[in-house]
>>> print(open('upload_4.pdb').read())   # PDB, C-alpha atoms
ATOM      1  CA  MET A   1       0.000   0.000   0.000
ATOM      2  CA  THR A   2       2.845   2.387   0.832
ATOM      3  CA  GLY A   3       4.482   1.626  -2.523
ATOM      4  CA  GLU A   4       1.196   2.348  -4.308
ATOM      5  CA  ARG A   5       0.845   5.716  -2.553
ATOM      6  CA  LEU A   6       4.442   6.553  -3.440
ATOM      7  CA  SER A   7       3.842   5.586  -7.069
ATOM      8  CA  LYS A   8       0.729   7.760  -7.309
ATOM      9  CA  GLY A   9       2.628  10.596  -5.689
ATOM     10  CA  TRP A  10       5.192  10.418  -8.499
ATOM     11  CA  ILE A  11       2.407  10.369 -11.109
ATOM     12  CA  ARG A  12       0.874  13.499  -9.577
ATOM     13  CA  LEU A  13       4.275  15.202  -9.705
ATOM     14  CA  ILE A  14       4.690  14.169 -13.343
ATOM     15  CA  VAL A  15       1.217  15.511 -14.179
ATOM     16  CA  ALA A  16       2.016  18.815 -12.477
ATOM     17  CA  VAL A  17       5.311  19.112 -14.373
ATOM     18  CA  MET A  18       3.550  18.271 -17.641
ATOM     19  CA  LEU A  19       0.918  20.959 -17.046
ATOM     20  CA  ALA A  20       3.588  23.583 -16.393
ATOM     21  CA  SER A  21       5.710  22.416 -19.320
ATOM     22  CA  ILE A  22       2.827  22.385 -21.794
ATOM     23  CA  TYR A  23       1.790  25.844 -20.653
ATOM     24  CA  ALA A  24       5.338  27.049 -21.353
ATOM     25  CA  ILE A  25       5.324  25.313 -24.754
ATOM     26  CA  VAL A  26       2.025  26.959 -25.765
ATOM     27  CA  TRP A  27       3.324  30.354 -24.611
ATOM     28  CA  ALA A  28       6.572  29.892 -26.516
ATOM     29  CA  ALA A  29       4.655  28.765 -29.607
ATOM     30  CA  GLY A  30       2.775  32.060 -29.626
ATOM     31  CA  GLY A  31      -0.614  31.254 -28.118
ATOM     32  CA  THR A  32      -3.554  28.938 -28.586
ATOM     33  CA  THR A  33      -3.848  29.472 -32.322
ATOM     34  CA  HIS A  34      -1.210  26.741 -32.672
ATOM     35  CA  ALA A  35      -1.737  22.977 -32.112
ATOM     36  CA  ALA A  36       0.298  22.885 -28.871
ATOM     37  CA  PRO A  37      -2.759  23.020 -26.521
ATOM     38  CA  HIS A  38      -3.660  19.508 -27.685
ATOM     39  CA  LEU A  39      -0.729  18.303 -25.575
ATOM     40  CA  PHE A  40      -2.955  18.812 -22.517
ATOM     41  CA  TYR A  41      -4.814  15.621 -23.470
ATOM     42  CA  ILE A  42      -1.753  13.659 -22.298
ATOM     43  CA  PRO A  43      -1.862  14.595 -18.558
ATOM     44  CA  ILE A  44      -5.681  14.464 -18.602
ATOM     45  CA  ILE A  45      -5.759  10.899 -19.927
ATOM     46  CA  LEU A  46      -2.784   9.848 -17.777
ATOM     47  CA  SER A  47      -4.626  10.987 -14.647
ATOM     48  CA  ALA A  48      -7.754   9.107 -15.716
ATOM     49  CA  LEU A  49      -5.847   5.873 -16.319
ATOM     50  CA  VAL A  50      -3.532   5.897 -13.305
ATOM     51  CA  LEU A  51      -5.075   8.140 -10.640
ATOM     52  CA  SER A  52      -8.859   8.702 -10.505
ATOM     53  CA  TRP A  53     -11.656  10.401 -12.368
ATOM     54  CA  GLN A  54     -11.660  13.223  -9.793
ATOM     55  CA  GLU A  55      -7.966  13.948 -10.331
ATOM     56  CA  SER A  56      -8.368  13.675 -14.100
ATOM     57  CA  LEU A  57     -11.245  16.142 -13.908
ATOM     58  CA  ALA A  58      -9.103  18.489 -11.818
ATOM     59  CA  THR A  59      -6.298  18.179 -14.378
ATOM     60  CA  ALA A  60      -8.720  19.082 -17.185
ATOM     61  CA  VAL A  61     -10.006  22.127 -15.294
ATOM     62  CA  ILE A  62      -6.487  23.310 -14.394
ATOM     63  CA  GLY A  63      -5.379  22.862 -18.007
ATOM     64  CA  ALA A  64      -8.392  24.838 -19.246
ATOM     65  CA  LEU A  65      -7.671  27.627 -16.741
ATOM     66  CA  LEU A  66      -4.046  27.797 -17.906
ATOM     67  CA  MET A  67      -5.404  28.278 -21.430
ATOM     68  CA  SER A  68      -7.965  30.854 -20.311
ATOM     69  CA  GLN A  69      -8.230  34.396 -21.671
ATOM     70  CA  TRP A  70      -6.525  35.697 -18.539
ATOM     71  CA  LEU A  71      -3.430  33.444 -18.618
ATOM     72  CA  MET A  72      -2.963  32.652 -22.317
ATOM     73  CA  PRO A  73      -3.794  34.892 -25.287
ATOM     74  CA  LEU A  74      -5.143  33.565 -28.556
ATOM     75  CA  SER A  75      -2.031  35.009 -30.182
ATOM     76  CA  ARG A  76       0.919  36.933 -28.719
ATOM     77  CA  GLU A  77       2.052  38.473 -32.004
ATOM     78  CA  PRO A  78      -0.023  40.440 -32.525
ATOM     79  CA  LEU A  79      -1.473  40.342 -29.025
ATOM     80  CA  ILE A  80      -5.038  39.067 -29.313
ATOM     81  CA  TYR A  81      -6.941  37.900 -26.269
ATOM     82  CA  GLN A  82      -9.251  34.919 -26.379
ATOM     83  CA  THR A  83     -12.991  35.273 -26.080
ATOM     84  CA  THR A  84     -14.726  33.832 -23.040
ATOM     85  CA  GLY A  85     -16.674  31.459 -25.230
ATOM     86  CA  ASN A  86     -13.439  30.121 -26.759
ATOM     87  CA  TRP A  87     -11.830  28.924 -23.539
ATOM     88  CA  VAL A  88     -15.153  27.831 -21.978
ATOM     89  CA  LEU A  89     -15.696  25.562 -24.987
ATOM     90  CA  ARG A  90     -12.203  24.158 -24.513
ATOM     91  CA  LEU A  91     -12.995  23.649 -20.804
ATOM     92  CA  PHE A  92     -16.104  21.590 -21.633
ATOM     93  CA  ILE A  93     -14.261  19.546 -24.253
ATOM     94  CA  TRP A  94     -11.411  18.694 -21.900
ATOM     95  CA  VAL A  95     -13.776  17.898 -19.035
ATOM     96  CA  GLY A  96     -15.722  15.655 -21.416
ATOM     97  CA  VAL A  97     -12.547  13.857 -22.509
ATOM     98  CA  SER A  98     -11.570  13.398 -18.865
ATOM     99  CA  LEU A  99     -14.915  11.946 -17.785
ATOM    100  CA  TRP A 100     -15.296   9.766 -20.871
ATOM    101  CA  THR A 101     -11.787   8.331 -20.517
ATOM    102  CA  SER A 102     -12.368   7.663 -16.817
ATOM    103  CA  PHE A 103     -15.713   6.004 -17.523
ATOM    104  CA  VAL A 104     -14.374   3.754 -20.281
ATOM    105  CA  PHE A 105     -11.295   2.773 -18.278
ATOM    106  CA  SER A 106     -13.376   2.080 -15.158
ATOM    107  CA  PHE A 107     -15.785  -0.044 -17.195
ATOM    108  CA  TRP A 108     -13.031  -2.192 -18.732
ATOM    109  CA  GLU A 109     -11.200  -2.407 -15.413
ATOM    110  CA  ARG A 110     -14.318  -3.871 -13.783
ATOM    111  CA  ARG A 111     -14.757  -6.267 -16.690
ATOM    112  CA  SER A 112     -11.110  -7.279 -16.434
ATOM    113  CA  LYS A 113     -11.386  -7.960 -12.703
ATOM    114  CA  ALA A 114     -14.529 -10.009 -13.301
ATOM    115  CA  TYR A 115     -12.751 -12.073 -15.947
ATOM    116  CA  GLN A 116      -9.726 -12.490 -13.662
ATOM    117  CA  ALA A 117     -11.960 -13.674 -10.830
ATOM    118  CA  GLN A 118     -13.699 -16.068 -13.196
ATOM    119  CA  ALA A 119     -10.359 -17.335 -14.523
ATOM    120  CA  GLY A 120      -9.177 -17.813 -10.945
ATOM    121  CA  GLU A 121     -12.252 -19.881 -10.136
ATOM    122  CA  PHE A 122     -11.730 -22.006 -13.242
ATOM    123  CA  ALA A 123      -8.083 -22.508 -12.236
ATOM    124  CA  HIS A 124      -9.187 -23.657  -8.761
ATOM    125  CA  LEU A 125     -11.762 -25.935 -10.371
ATOM    126  CA  TYR A 126      -9.095 -27.356 -12.690
ATOM    127  CA  ARG A 127      -6.693 -28.047  -9.815
ATOM    128  CA  ALA A 128      -9.512 -29.516  -7.745
ATOM    129  CA  SER A 129     -10.467 -31.792 -10.654
ATOM    130  CA  LEU A 130      -6.923 -33.040 -11.024
ATOM    131  CA  HIS A 131      -6.592 -33.630  -7.304
ATOM    132  CA  ALA A 132      -9.895 -35.467  -7.387
ATOM    133  CA  LEU A 133      -8.239 -37.876  -9.804
ATOM    134  CA  VAL A 134      -5.403 -38.285  -7.315
ATOM    135  CA  SER A 135      -7.933 -38.937  -4.559
ATOM    136  CA  LEU A 136      -9.567 -41.549  -6.753
ATOM    137  CA  THR A 137      -6.200 -43.272  -7.101
ATOM    138  CA  GLU A 138      -5.728 -43.139  -3.341
ATOM    139  CA  LEU A 139      -9.117 -44.769  -2.778
ATOM    140  CA  ARG A 140      -8.247 -47.624  -5.134
ATOM    141  CA  ASP A 141      -4.639 -48.070  -4.056
ATOM    142  CA  SER A 142      -4.350 -48.599  -0.320
ATOM    143  CA  ASP A 143      -0.592 -48.023  -0.547
ATOM    144  CA  VAL A 144      -1.103 -44.406  -1.616
ATOM    145  CA  THR A 145      -2.057 -41.778   0.926
ATOM    146  CA  GLY A 146      -2.393 -38.013   1.023
ATOM    147  CA  LYS A 147       0.637 -38.004   3.318
ATOM    148  CA  HIS A 148       2.636 -39.833   0.651
ATOM    149  CA  ILE A 149       1.739 -37.191  -1.951
ATOM    150  CA  ASN A 150       2.551 -34.416   0.505
ATOM    151  CA  ARG A 151       5.971 -35.893   1.271
ATOM    152  CA  LEU A 152       6.781 -36.241  -2.427
ATOM    153  CA  HIS A 153       5.984 -32.550  -2.820
ATOM    154  CA  HIS A 154       8.531 -31.664  -0.120
ATOM    155  CA  TYR A 155      11.177 -34.062  -1.437
ATOM    156  CA  THR A 156      11.017 -32.537  -4.908
ATOM    157  CA  ARG A 157      11.288 -29.077  -3.388
ATOM    158  CA  LEU A 158      14.549 -30.091  -1.760
ATOM    159  CA  LEU A 159      16.043 -31.471  -4.970
ATOM    160  CA  THR A 160      14.881 -28.693  -7.305
ATOM    161  CA  GLU A 161      16.207 -26.061  -4.912
ATOM    162  CA  TYR A 162      19.505 -27.965  -4.714
ATOM    163  CA  PHE A 163      19.792 -27.739  -8.509
ATOM    164  CA  LYS A 164      18.933 -24.021  -8.350
ATOM    165  CA  MET A 165      15.992 -24.306 -10.697
ATOM    166  CA  SER A 166      13.801 -21.275 -11.228
ATOM    167  CA  GLU A 167      10.873 -20.752  -8.885
ATOM    168  CA  GLU A 168       8.497 -21.530 -11.747
ATOM    169  CA  GLN A 169      10.232 -24.847 -12.505
ATOM    170  CA  ARG A 170      10.295 -25.788  -8.824
ATOM    171  CA  ASN A 171       6.571 -25.128  -8.502
ATOM    172  CA  ILE A 172       5.704 -27.073 -11.640
ATOM    173  CA  ILE A 173       7.648 -30.191 -10.621
ATOM    174  CA  ALA A 174       6.546 -30.041  -6.982
ATOM    175  CA  TRP A 175       2.851 -29.935  -7.926
ATOM    176  CA  SER A 176       3.115 -32.287 -10.896
ATOM    177  CA  ILE A 177       4.537 -35.177  -8.879
ATOM    178  CA  ALA A 178       1.162 -35.639  -7.186
ATOM    179  CA  PHE A 179      -0.064 -37.296 -10.389
ATOM    180  CA  HIS A 180       2.842 -39.716 -10.859
ATOM    181  CA  ASP A 181       0.655 -42.816 -10.345
ATOM    182  CA  ILE A 182      -2.607 -41.472 -11.755
ATOM    183  CA  GLY A 183      -2.597 -44.312 -14.295
ATOM    184  CA  LYS A 184      -3.285 -46.811 -11.519
ATOM    185  CA  VAL A 185      -6.978 -45.944 -11.783
ATOM    186  CA  ALA A 186      -6.964 -48.174 -14.883
ATOM    187  CA  MET A 187      -5.513 -51.171 -13.018
ATOM    188  CA  PRO A 188      -7.796 -54.043 -11.920
ATOM    189  CA  ASP A 189      -8.352 -54.376  -8.179
ATOM    190  CA  SER A 190      -7.087 -57.931  -8.367
ATOM    191  CA  ILE A 191      -3.667 -56.558  -9.266
ATOM    192  CA  LEU A 192      -3.687 -53.236  -7.470
ATOM    193  CA  LYS A 193      -4.767 -54.676  -4.110
ATOM    194  CA  LYS A 194      -3.018 -58.022  -4.284
ATOM    195  CA  PRO A 195      -1.186 -58.575  -0.964
ATOM    196  CA  GLY A 196       1.546 -60.787  -2.409
ATOM    197  CA  PRO A 197       3.922 -60.754  -5.372
ATOM    198  CA  LEU A 198       2.441 -60.339  -8.850
ATOM    199  CA  THR A 199       2.571 -63.071 -11.453
ATOM    200  CA  PRO A 200       4.467 -62.335 -14.713
ATOM    201  CA  ASP A 201       1.181 -61.594 -16.522
ATOM    202  CA  GLU A 202      -0.044 -59.376 -13.691
ATOM    203  CA  TRP A 203       3.274 -57.558 -13.623
ATOM    204  CA  LYS A 204       3.037 -56.994 -17.383
ATOM    205  CA  THR A 205      -0.377 -55.386 -16.877
ATOM    206  CA  MET A 206       0.909 -53.314 -13.973
ATOM    207  CA  LYS A 207       3.715 -51.920 -16.124
ATOM    208  CA  GLU A 208       1.109 -50.317 -18.347
ATOM    209  CA  HIS A 209      -0.098 -47.876 -15.678
ATOM    210  CA  PRO A 210       2.374 -45.114 -16.697
ATOM    211  CA  ILE A 211       0.958 -45.229 -20.242
ATOM    212  CA  HIS A 212      -2.578 -44.939 -18.891
ATOM    213  CA  GLY A 213      -1.466 -41.997 -16.754
ATOM    214  CA  ALA A 214      -0.025 -40.195 -19.791
ATOM    215  CA  LYS A 215      -3.269 -40.789 -21.698
ATOM    216  CA  ILE A 216      -5.292 -39.234 -18.865
ATOM    217  CA  ILE A 217      -3.094 -36.127 -18.861
ATOM    218  CA  ASP A 218      -3.222 -35.947 -22.670
ATOM    219  CA  SER A 219      -7.016 -36.083 -22.618
ATOM    220  CA  ILE A 220      -7.133 -33.141 -20.197
ATOM    221  CA  GLY A 221      -4.885 -31.036 -22.426
ATOM    222  CA  LYS A 222      -6.838 -31.857 -25.591
ATOM    223  CA  LYS A 223     -10.279 -31.223 -24.142
ATOM    224  CA  ALA A 224      -9.261 -27.993 -22.387
ATOM    225  CA  LYS A 225      -7.360 -26.663 -25.462
ATOM    226  CA  ILE A 226      -4.699 -25.061 -23.283
ATOM    227  CA  THR A 227      -2.797 -22.142 -24.860
ATOM    228  CA  ASP A 228      -1.094 -20.560 -21.839
ATOM    229  CA  PRO A 229       2.657 -21.478 -21.902
ATOM    230  CA  PHE A 230       2.843 -22.001 -18.121
ATOM    231  CA  VAL A 231      -0.145 -24.363 -18.095
ATOM    232  CA  GLN A 232       1.221 -26.186 -21.135
ATOM    233  CA  GLU A 233       4.542 -26.711 -19.362
ATOM    234  CA  TYR A 234       2.726 -27.849 -16.231
ATOM    235  CA  LEU A 235       0.750 -30.451 -18.190
ATOM    236  CA  GLN A 236       3.857 -31.592 -20.078
ATOM    237  CA  THR A 237       5.813 -32.042 -16.838
ATOM    238  CA  THR A 238       2.881 -33.883 -15.268
ATOM    239  CA  ARG A 239       2.768 -36.179 -18.292
ATOM    240  CA  ASP A 240       6.555 -36.755 -18.216
ATOM    241  CA  ILE A 241       6.491 -37.735 -14.551
ATOM    242  CA  ALA A 242       3.458 -40.007 -14.949
ATOM    243  CA  LEU A 243       4.931 -41.722 -18.008
ATOM    244  CA  TYR A 244       8.630 -41.986 -17.199
ATOM    245  CA  HIS A 245       9.120 -42.137 -13.416
ATOM    246  CA  HIS A 246       9.558 -45.945 -13.600
ATOM    247  CA  GLU A 247      12.258 -45.729 -16.266
ATOM    248  CA  TRP A 248      15.758 -46.676 -15.075
ATOM    249  CA  TYR A 249      18.870 -44.684 -15.829
ATOM    250  CA  ASP A 250      20.524 -47.746 -17.412
ATOM    251  CA  GLY A 251      17.511 -48.419 -19.665
ATOM    252  CA  SER A 252      16.127 -51.446 -17.793
ATOM    253  CA  GLY A 253      12.969 -49.710 -16.560
ATOM    254  CA  TYR A 254       9.470 -49.494 -18.021
ATOM    255  CA  PRO A 255       7.309 -48.814 -19.988
ATOM    256  CA  TYR A 256       9.720 -47.996 -22.860
ATOM    257  CA  GLY A 257      13.189 -48.843 -21.553
ATOM    258  CA  ILE A 258      14.666 -45.429 -22.345
ATOM    259  CA  LYS A 259      17.834 -44.416 -20.511
ATOM    260  CA  GLY A 260      20.049 -41.572 -19.356
ATOM    261  CA  ASP A 261      19.123 -38.080 -20.476
ATOM    262  CA  GLU A 262      16.344 -39.519 -22.635
ATOM    263  CA  ILE A 263      14.391 -39.613 -19.384
ATOM    264  CA  PRO A 264      13.089 -36.104 -18.554
ATOM    265  CA  LEU A 265      14.818 -34.549 -15.548
ATOM    266  CA  SER A 266      11.498 -34.147 -13.746
ATOM    267  CA  ALA A 267      10.896 -37.926 -13.995
ATOM    268  CA  ARG A 268      14.436 -38.723 -12.814
ATOM    269  CA  ILE A 269      13.857 -36.525  -9.769
ATOM    270  CA  ALA A 270      10.445 -38.100  -9.154
ATOM    271  CA  ALA A 271      11.957 -41.608  -9.303
ATOM    272  CA  VAL A 272      14.317 -40.957  -6.394
ATOM    273  CA  CYS A 273      11.617 -39.261  -4.326
ATOM    274  CA  ASP A 274       9.032 -41.983  -4.962
ATOM    275  CA  VAL A 275      11.392 -44.880  -4.246
ATOM    276  CA  TYR A 276      12.702 -43.297  -1.026
ATOM    277  CA  ASP A 277       9.183 -42.792   0.270
ATOM    278  CA  SER A 278       8.075 -46.269  -0.816
ATOM    279  CA  LEU A 279      11.052 -47.822   0.984
ATOM    280  CA  ARG A 280      10.189 -45.940   4.171
ATOM    281  CA  SER A 281       6.517 -46.973   3.964
ATOM    282  CA  GLU A 282       5.067 -50.245   5.160
ATOM    283  CA  ARG A 283       3.372 -52.335   2.490
ATOM    284  CA  PRO A 284       1.365 -55.587   2.707
ATOM    285  CA  TYR A 285       4.277 -57.344   0.990
ATOM    286  CA  LYS A 286       7.194 -55.588   2.789
ATOM    287  CA  ARG A 287       8.251 -53.978   6.023
ATOM    288  CA  ALA A 288       9.102 -50.301   6.354
ATOM    289  CA  PHE A 289      12.829 -49.672   5.931
ATOM    290  CA  THR A 290      14.718 -47.283   8.173
ATOM    291  CA  HIS A 291      16.153 -44.077   6.805
ATOM    292  CA  ASP A 292      19.700 -45.467   6.720
ATOM    293  CA  GLU A 293      18.536 -48.596   4.907
ATOM    294  CA  ALA A 294      16.603 -46.563   2.333
ATOM    295  CA  VAL A 295      19.600 -44.295   1.686
ATOM    296  CA  GLU A 296      21.893 -47.294   1.292
ATOM    297  CA  ILE A 297      19.543 -48.954  -1.201
ATOM    298  CA  ILE A 298      19.157 -45.835  -3.323
ATOM    299  CA  LEU A 299      22.892 -45.116  -3.402
ATOM    300  CA  SER A 300      23.616 -48.737  -4.291
ATOM    301  CA  GLU A 301      21.477 -48.280  -7.417
ATOM    302  CA  CYS A 302      23.240 -45.082  -8.487
ATOM    303  CA  GLY A 303      23.930 -45.292 -12.225
ATOM    304  CA  THR A 304      21.592 -48.254 -12.718
ATOM    305  CA  HIS A 305      18.173 -47.225 -11.410
ATOM    306  CA  PHE A 306      18.941 -43.601 -10.653
ATOM    307  CA  ASP A 307      20.730 -40.683 -12.283
ATOM    308  CA  PRO A 308      24.166 -40.323 -10.572
ATOM    309  CA  MET A 309      23.756 -36.539 -10.478
ATOM    310  CA  ILE A 310      20.487 -36.842  -8.564
ATOM    311  CA  CYS A 311      21.969 -39.536  -6.327
ATOM    312  CA  ARG A 312      24.739 -37.148  -5.280
ATOM    313  CA  ALA A 313      22.161 -34.472  -4.524
ATOM    314  CA  PHE A 314      20.047 -36.978  -2.595
ATOM    315  CA  GLU A 315      23.073 -38.035  -0.543
ATOM    316  CA  SER A 316      23.722 -34.402   0.399
ATOM    317  CA  LEU A 317      20.058 -33.897   1.303
ATOM    318  CA  ALA A 318      19.445 -37.276   2.967
ATOM    319  CA  ASP A 319      19.021 -35.833   6.454
ATOM    320  CA  GLN A 320      16.459 -33.366   5.147
ATOM    321  CA  PHE A 321      14.573 -36.180   3.392
ATOM    322  CA  ASN A 322      14.417 -37.958   6.740
ATOM    323  CA  GLN A 323      13.164 -34.783   8.395
ATOM    324  CA  VAL A 324      10.353 -34.504   5.848
ATOM    325  CA  TRP A 325       9.425 -38.142   6.531
ATOM    326  CA  CYS A 326       9.358 -37.595  10.301
ATOM    327  CA  GLU A 327       7.264 -34.430  10.029
ATOM    328  CA  HIS A 328       4.734 -35.780   7.525
ATOM    329  CA  ALA A 329       4.530 -39.507   8.268
ATOM    330  CA  GLU A 330       1.176 -41.103   9.031
ATOM    331  CA  SER A 331       0.414 -40.577  12.704
ATOM    332  CA  ARG A 332       0.381 -44.280  13.467
ATOM    333  CA  ARG A 333       3.901 -44.645  12.065
ATOM    334  CA  LYS A 334       5.306 -41.276  13.070
ATOM    335  CA  MET A 335       8.455 -41.552  15.137
ATOM    336  CA  THR A 336      11.141 -39.307  16.435
ATOM    337  CA  ASN A 337      14.137 -41.446  15.509
ATOM    338  CA  THR A 338      13.886 -43.405  12.265
ATOM    339  CA  ALA A 339      17.557 -44.000  11.465
TER
END
>>> encode(input="upload_4.pdb", output="structure tokens")
Amino acid sequence: MTGERLSKGWIRLIVAVMLASIYAIVWAAGGTTHAAPHLFYIPIILSALVLSWQESLATAVIGALLMSQWLMPLSREPLIYQTTGNWVLRLFIWVGVSLWTSFVFSFWERRSKAYQAQAGEFAHLYRASLHALVSLTELRDSDVTGKHINRLHHYTRLLTEYFKMSEEQRNIIAWSIAFHDIGKVAMPDSILKKPGPLTPDEWKTMKEHPIHGAKIIDSIGKKAKITDPFVQEYLQTTRDIALYHHEWYDGSGYPYGIKGDEIPLSARIAAVCDVYDSLRSERPYKRAFTHDEAVEIILSECGTHFDPMICRAFESLADQFNQVWCEHAESRRKMTNTA
């Protein structure tokens, strides 16, 4: 608010200087018979756009008074004074320009705010719809919880900040990772909720969930016809994470067996975060590993499962990963010392 008052104060000063300068220009030009008085439209319109209709009106009146028969002749050589009707007409014209500009600007400003509010509501609806899909996955997959998604968000924050990514990139990856397993909604319950190991055929079906996830994200982008670059990047990153977070750095992952830098960086980051949290979590088919055990497993797969660059970052941030786990673990598993 203080900055806004300061900014308007500078605008008022600029308007005052413009009024004085234009008056001097008209005087130097020889009077109002020349085109110079039209320069007064500039401070009048500027006041209407930046200040208020009252201050624009005041600017118009002051400008008209400066061009009045008492302060500015019609012509200085020869000296001819203006008629009262001449400057009164100019006064009404400038007041009309001031009020009309203020009215039009105020009208479009209100329309703009209404559209912004509407766009904001649609954005909230869009995010809520996407998170509803995540909630649907959570309901079908007992291994996935809101806490798990929340921890992944914090893990990715740690890694993206470590790599000094831009704030926009950090936000995109941190929010996109929530949808990494969205494709599991297409998996049969017999596979998704099976307490024991999957058969080869079941495992083959399970490996298709990243493809289903990418198709879901693609369908959102196509139906919404997104044109905003930020939203496009957000959807692309969401798709990359959903599709590629099970790919291995050495090419032995799924669904396509791509390797190295062919795997998007966002998916390589998501892989480390997801595996760490899965290792720490109890599953029907496995116990929960301690922090030290999880770190050892991840580092042992550096260069095979995981990108060595991200492994080095993870090793530096391991204590902070553990802190995130301790702060956001499910209450029944929460503990103070998990090493």
>>> resolve_selection(input="upload_4.pdb", expression="the PyMOL selection byres ((chain A and resi 274-277) around 8)", output="ChimeraX atom specification")
/A:148,151-152,270-273,278-281,294-295,298,325
>>> closest_residue(input="upload_4.pdb", among="A:Ala174, A:Ala114, A:Ile211, A:Leu51", to="Leu13 of chain A", atoms="only C-alpha atoms")
A:Leu51
>>> resolve_selection(input="upload_4.pdb", expression="the PyMOL selection byres ((chain A and resi 238) around 12)", output="ChimeraX atom specification")
/A:130,169,171-183,210,213-218,220-221,231-237,239-245,264-267,270
>>> residues_around(input="upload_4.pdb", residues="segment 190-202 of chain A", least_positions_apart="2", cutoff="7 Å", atoms="all atoms listed in the file", output="list in words")
Asp141, Met187, Pro188, Lys204, Thr205, Met206, Pro284 and Tyr285 of chain A
>>> resolve_selection(input="upload_4.pdb", expression="the PyMOL selection byres ((chain A and resi 12) around 12)", output="list in words")
Arg5, Leu6, Ser7, Lys8, Gly9, Trp10, Ile11, Leu13, Ile14, Val15, Ala16, Val17, Met18, Leu19, Pro43, Ile44, Leu46, Ser47, Ala48, Val50, Leu51, Ser52, Glu55, Ser56, Ala58 and Thr59 of chain A
>>> write_last_selection(input="upload_4.pdb", atoms="C-alpha atoms", output="PDB file, in the frame of the given file")
ATOM      1  CA  ARG A   5       0.845   5.716  -2.553  1.00  0.00           C
ATOM      2  CA  LEU A   6       4.442   6.553  -3.440  1.00  0.00           C
ATOM      3  CA  SER A   7       3.842   5.586  -7.069  1.00  0.00           C
ATOM      4  CA  LYS A   8       0.729   7.760  -7.309  1.00  0.00           C
ATOM      5  CA  GLY A   9       2.628  10.596  -5.689  1.00  0.00           C
ATOM      6  CA  TRP A  10       5.192  10.418  -8.499  1.00  0.00           C
ATOM      7  CA  ILE A  11       2.407  10.369 -11.109  1.00  0.00           C
ATOM      8  CA  LEU A  13       4.275  15.202  -9.705  1.00  0.00           C
ATOM      9  CA  ILE A  14       4.690  14.169 -13.343  1.00  0.00           C
ATOM     10  CA  VAL A  15       1.217  15.511 -14.179  1.00  0.00           C
ATOM     11  CA  ALA A  16       2.016  18.815 -12.477  1.00  0.00           C
ATOM     12  CA  VAL A  17       5.311  19.112 -14.373  1.00  0.00           C
ATOM     13  CA  MET A  18       3.550  18.271 -17.641  1.00  0.00           C
ATOM     14  CA  LEU A  19       0.918  20.959 -17.046  1.00  0.00           C
ATOM     15  CA  PRO A  43      -1.862  14.595 -18.558  1.00  0.00           C
ATOM     16  CA  ILE A  44      -5.681  14.464 -18.602  1.00  0.00           C
ATOM     17  CA  LEU A  46      -2.784   9.848 -17.777  1.00  0.00           C
ATOM     18  CA  SER A  47      -4.626  10.987 -14.647  1.00  0.00           C
ATOM     19  CA  ALA A  48      -7.754   9.107 -15.716  1.00  0.00           C
ATOM     20  CA  VAL A  50      -3.532   5.897 -13.305  1.00  0.00           C
ATOM     21  CA  LEU A  51      -5.075   8.140 -10.640  1.00  0.00           C
ATOM     22  CA  SER A  52      -8.859   8.702 -10.505  1.00  0.00           C
ATOM     23  CA  GLU A  55      -7.966  13.948 -10.331  1.00  0.00           C
ATOM     24  CA  SER A  56      -8.368  13.675 -14.100  1.00  0.00           C
ATOM     25  CA  ALA A  58      -9.103  18.489 -11.818  1.00  0.00           C
ATOM     26  CA  THR A  59      -6.298  18.179 -14.378  1.00  0.00           C
TER      27      THR A  59
END
>>> closest_residue(input="upload_4.pdb", among="A:Ala60, A:Leu49, A:Leu66, A:Leu74", to="Ile22 of chain A", atoms="only C-alpha atoms")
A:Leu66
>>> atom_distance(input="upload_4.pdb", atom1="atom CA of His328 of chain A", atom2="atom CA of Ile297 of chain A")
21.7 Å
>>> atom_distance(input="upload_4.pdb", atom1="atom CA of Gly251 of chain A", atom2="atom CA of His305 of chain A")
8.4 Å
>>> decode(input="upload_4.pdb", residues="segment 48-53 of chain A", atoms="N, CA, C and O atoms", output="PDB file, in the first residue's frame")
ATOM      1  N   ALA A  48      -6.576   9.983 -15.692  1.00  0.00           N
ATOM      2  CA  ALA A  48      -7.754   9.107 -15.716  1.00  0.00           C
ATOM      3  C   ALA A  48      -7.360   7.640 -15.628  1.00  0.00           C
ATOM      4  O   ALA A  48      -8.021   6.845 -14.947  1.00  0.00           O
ATOM      5  N   LEU A  49      -6.255   7.274 -16.283  1.00  0.00           N
ATOM      6  CA  LEU A  49      -5.847   5.873 -16.319  1.00  0.00           C
ATOM      7  C   LEU A  49      -5.159   5.419 -15.042  1.00  0.00           C
ATOM      8  O   LEU A  49      -5.311   4.277 -14.616  1.00  0.00           O
ATOM      9  N   VAL A  50      -4.378   6.310 -14.429  1.00  0.00           N
ATOM     10  CA  VAL A  50      -3.532   5.897 -13.305  1.00  0.00           C
ATOM     11  C   VAL A  50      -4.056   6.386 -11.959  1.00  0.00           C
ATOM     12  O   VAL A  50      -3.919   5.695 -10.947  1.00  0.00           O
ATOM     13  N   LEU A  51      -4.655   7.558 -11.923  1.00  0.00           N
ATOM     14  CA  LEU A  51      -5.075   8.140 -10.640  1.00  0.00           C
ATOM     15  C   LEU A  51      -6.573   7.892 -10.396  1.00  0.00           C
ATOM     16  O   LEU A  51      -6.957   6.837  -9.947  1.00  0.00           O
ATOM     17  N   SER A  52      -7.417   8.860 -10.711  1.00  0.00           N
ATOM     18  CA  SER A  52      -8.859   8.702 -10.505  1.00  0.00           C
ATOM     19  C   SER A  52      -9.589   9.686 -11.402  1.00  0.00           C
ATOM     20  O   SER A  52      -8.989  10.607 -11.964  1.00  0.00           O
ATOM     21  N   TRP A  53     -10.896   9.481 -11.517  1.00  0.00           N
ATOM     22  CA  TRP A  53     -11.656  10.401 -12.368  1.00  0.00           C
ATOM     23  C   TRP A  53     -11.676  11.806 -11.768  1.00  0.00           C
ATOM     24  O   TRP A  53     -11.696  12.805 -12.497  1.00  0.00           O
TER      25      TRP A  53
END
